[in-house]
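For reference, the structure discussed in these notes is given below.
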Amino acid sequence: MKALFYSEHGPADVLNLGELPDPTIGPVDVLIKVATTAINRLDIVQRHGWYTLPGFSLPHVAGMDMAGTVIELGSKVTGLSVGDRVVVDPSLNAVHPDSLFAGHGDRYGNLGVLGATKPGGYGELCAVSADHVHLLPDDMNFATAAVFPTAWMTTHHALFNVGQLNTGETLLIHGGTSALTLAAVQLAIAAGARVCVSATTDEKCAAAAELGAVTANSQSTDIVSWIENQTGGKGVDMVLDHVGTALWEASLGALGPQGRLVCCGNTTGDTASIPSLGSIFGRGIQIRGSDAYRSTDFANVWSHYCDGIALEQFNPQIAHTFTIDQGTAAQELLESGQALGRIVLFHQPEKV
């Protein structure tokens with residue numbers, strides 16, 4: 001098969017479009033012809049070698065988020081047919097024990113992930129456990145499906161399972177046009193929350209504002225003072241933080257009494273300090289780590305997304321598209337910080 005892969009760590013030019021062996025499948029697996037794959041920050045991090053998930057190996061075919069067409073069924077697969085259009089759950093949590101991918105499902109250990117520890121959507125073919133593919137609505141295109149898995153599942157889990165966000169609460173999120181923020185803004189507003197977003201440029205603020213968020217430029221605004229003004233001095237009920245070091249203290253300072261800081265990422269660094277322990281216990285502040293989402297939740301959240309897309313309540317926020325042979329340029333765009341929405345790679349043209 002043709003695939004975009006790398007055999008050594010480094011800048012984007014280590015990516016190579018070449019031939020790799022076709023994947024094999026087990027009795028409860030399926031083979032997908034990948035139509036589209038969305039680019040994620042982990043693609044960049046692992047390519048550089050800054051951090052790799054346990055089980056990562058070279059050469060590597062990235063692409064955690066993908067949609068495509070079933071072209072081969074394992075001998076024991078039921079409920080699916082060749083030609084079905086599907087989105088893939090890349091997490092190997094709760095995989096069928098007869099799958100070739102079984103044994104990599106520990107959410108608190110060596111969790112396997114297609115496109116992160118196993119070959120993913122940058123290849124034109126991808127083997128998947130049949131219980132980890134989900135049908136697309138007839139009127140949904142592949143690109144809209146491909147941006148869903150990692151960002152929407154991660155944020156849904158962080159907001160509701162971990163953060164327990166409620167209707168009427170106020171949420172603060174940083175990183176205005178990151179995949180996680182774009183999904184979180186829409187999920188939170190749909191749930192009846194008020195959303196405040198900080199971003200590093202006015203253009204990114206504008207993109208988040210179009211989704212219904214109140215925004216501020218974090219490079220020119222004191223975030224804590226801004227939140228005090230927005231909330232009448234009360235502070236926010238919850239911060240969803242995937243930025244880490246750069247705005248950690250501002251996130252703590254923006255919380256109101258009994259506020260929750262839910263951490264699900266560390267894009268600006270892995271170290272943080274608490275300026276005042278007294279302020280934490282005195283105000284009842286909670287810091288919660290958002291772990292990996294549960295694959296058993298995927299079908300319900302996917303259904304919610306499909307309904308929201310159909311009702312135009314949700315928007316996939318696809319801002320940039322590239323063909324697979326332009327993958328180097330696509331990754332460079334994400335790495336530059338200039339992307340204003342999701343970046344999608346196409347293996348084959350849309351047919352919807």
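Labels for the structure tokens follow display order: chains A, B, ..., residues from 1 in each chain, ligands from 1.
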Can you pull out every residue within 8 Å of A:Gly175, counting only C-alpha atoms, but drop anything in the same chain fewer than 3 positions away, and send it as JSON, numbers by chain? {"A": [178, 181, 197, 198, 199, 200, 243]}
Give me, as a VMD selection string, all polymer residues having an atom no more than 9 Å from stretch 314-328 of chain A, counting only C-alpha atoms and skipping those fewer than 5 positions away in the same chain. chain A and resid 3 to 4 12 to 17 36 122 to 123 143 to 145 147 to 148 179 182 to 183 186 to 187 190 211 305 to 309 333 339 to 348
Hey, which bits of stretch 40-68 of chain A sit within 8 Å of stretch 83-97 of chain A, and for each residue what's the closest pair of atoms and how far apart in Å (one decimal), counting only C-alpha atoms, rows by chain and increasing number, as CSV?
residue,atom,partner,partner_atom,distance
A:Met64,CA,A:Pro90,CA,5.7
A:Asp65,CA,A:Pro90,CA,6.8
A:Met66,CA,A:Val88,CA,5.9
A:Ala67,CA,A:Val87,CA,4.3
A:Gly68,CA,A:Val86,CA,5.6
Restricting it to C-alpha atoms, dump the selection as an mmCIF file, in the first residue's frame.
data_model
loop_
_atom_site.group_PDB
_atom_site.id
_atom_site.type_symbol
_atom_site.label_atom_id
_atom_site.label_comp_id
_atom_site.auth_asym_id
_atom_site.auth_seq_id
_atom_site.Cartn_x
_atom_site.Cartn_y
_atom_site.Cartn_z
ATOM 1 C CA MET A 64 -5.267 8.570 14.694
ATOM 2 C CA ASP A 65 -8.432 10.022 13.168
ATOM 3 C CA MET A 66 -9.696 8.440 9.973
ATOM 4 C CA ALA A 67 -12.763 7.567 7.946
ATOM 5 C CA GLY A 68 -13.093 5.339 4.918
#
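Note that the spacing between atom CA of A:Ser225 and atom CA of A:Thr155 amounts to 26.0 Å.
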Given only C-alpha atoms, how would the per-residue table for stretch 168-242 of chain A near stretch 286-292 of chain A read, listing every residue at most 12 Å away with its closest atom pair and distance in Å to one decimal, sorted by chain and number, as JSON lines?
{"residue": "A:Asp237", "atom": "CA", "partner": "A:Gln286", "partner_atom": "CA", "distance": 10.5}
{"residue": "A:Met238", "atom": "CA", "partner": "A:Gln286", "partner_atom": "CA", "distance": 9.4}
{"residue": "A:Val239", "atom": "CA", "partner": "A:Ile287", "partner_atom": "CA", "distance": 9.6}
{"residue": "A:Leu240", "atom": "CA", "partner": "A:Ser290", "partner_atom": "CA", "distance": 9.5}
{"residue": "A:Asp241", "atom": "CA", "partner": "A:Gly289", "partner_atom": "CA", "distance": 9.7}
{"residue": "A:His242", "atom": "CA", "partner": "A:Ser290", "partner_atom": "CA", "distance": 9.9}
Could you jot down the atom CA of A:Val28 to atom CA of A:Tyr6 separation for me, Å, one decimal place? 29.0 Å
Students should find that atom CA of A:His132 and atom CA of A:Ser295 are spaced 7.9 Å
Taking only stretch 37-275 of chain A into account, list the residues labelled helix (DSSP H, G or I) by DSSP (computed from the backbone), as a PyMOL selection string. chain A and resi 41-48+130-132+142-146+149-162+179-190+202-210+223-230+245-254
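The residue that comes closest to A:Ala330, out of A:Gly112, A:Asn40, A:Ile274, A:Met140 and on the basis of only C-alpha atoms, is A:Asn40.
Minimum atom-to-atom distance to A:Gly120, evaluated using only C-alpha atoms, belongs to A:Thr37 out of A:Thr170, A:Asn161, A:Thr37, A:Thr177.
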Once DSSP has gone over the backbone, tell me which residues of stretch 96-234 of chain A are in strand (DSSP E), as a ChimeraX atom specification. /A:125-129,133-135,170-174,194-199,214-217
Please identify all polymer residues within 6 Å of stretch 226-235 of chain A, counting only C-alpha atoms, omitting same-chain residues fewer than 3 positions from it, and present them as a PyMOL selection string. chain A and resi 223+254-256
Would you export the selected residues with N, CA and C atoms as a PDB file, in the first residue's frame, please?
ATOM      1  N   ILE A 223      -5.682  37.405  31.936  1.00  0.00           N
ATOM      2  CA  ILE A 223      -6.790  36.441  31.899  1.00  0.00           C
ATOM      3  C   ILE A 223      -7.610  36.474  33.183  1.00  0.00           C
ATOM      4  N   ALA A 254      -8.370  32.003  37.743  1.00  0.00           N
ATOM      5  CA  ALA A 254      -9.665  32.307  37.143  1.00  0.00           C
ATOM      6  C   ALA A 254     -10.805  31.523  37.760  1.00  0.00           C
ATOM      7  N   LEU A 255     -10.490  30.484  38.526  1.00  0.00           N
ATOM      8  CA  LEU A 255     -11.534  29.639  39.113  1.00  0.00           C
ATOM      9  C   LEU A 255     -12.234  30.327  40.283  1.00  0.00           C
ATOM     10  N   GLY A 256     -13.529  30.117  40.356  1.00  0.00           N
ATOM     11  CA  GLY A 256     -14.292  30.558  41.509  1.00  0.00           C
ATOM     12  C   GLY A 256     -14.263  29.513  42.606  1.00  0.00           C
TER      13      GLY A 256
END
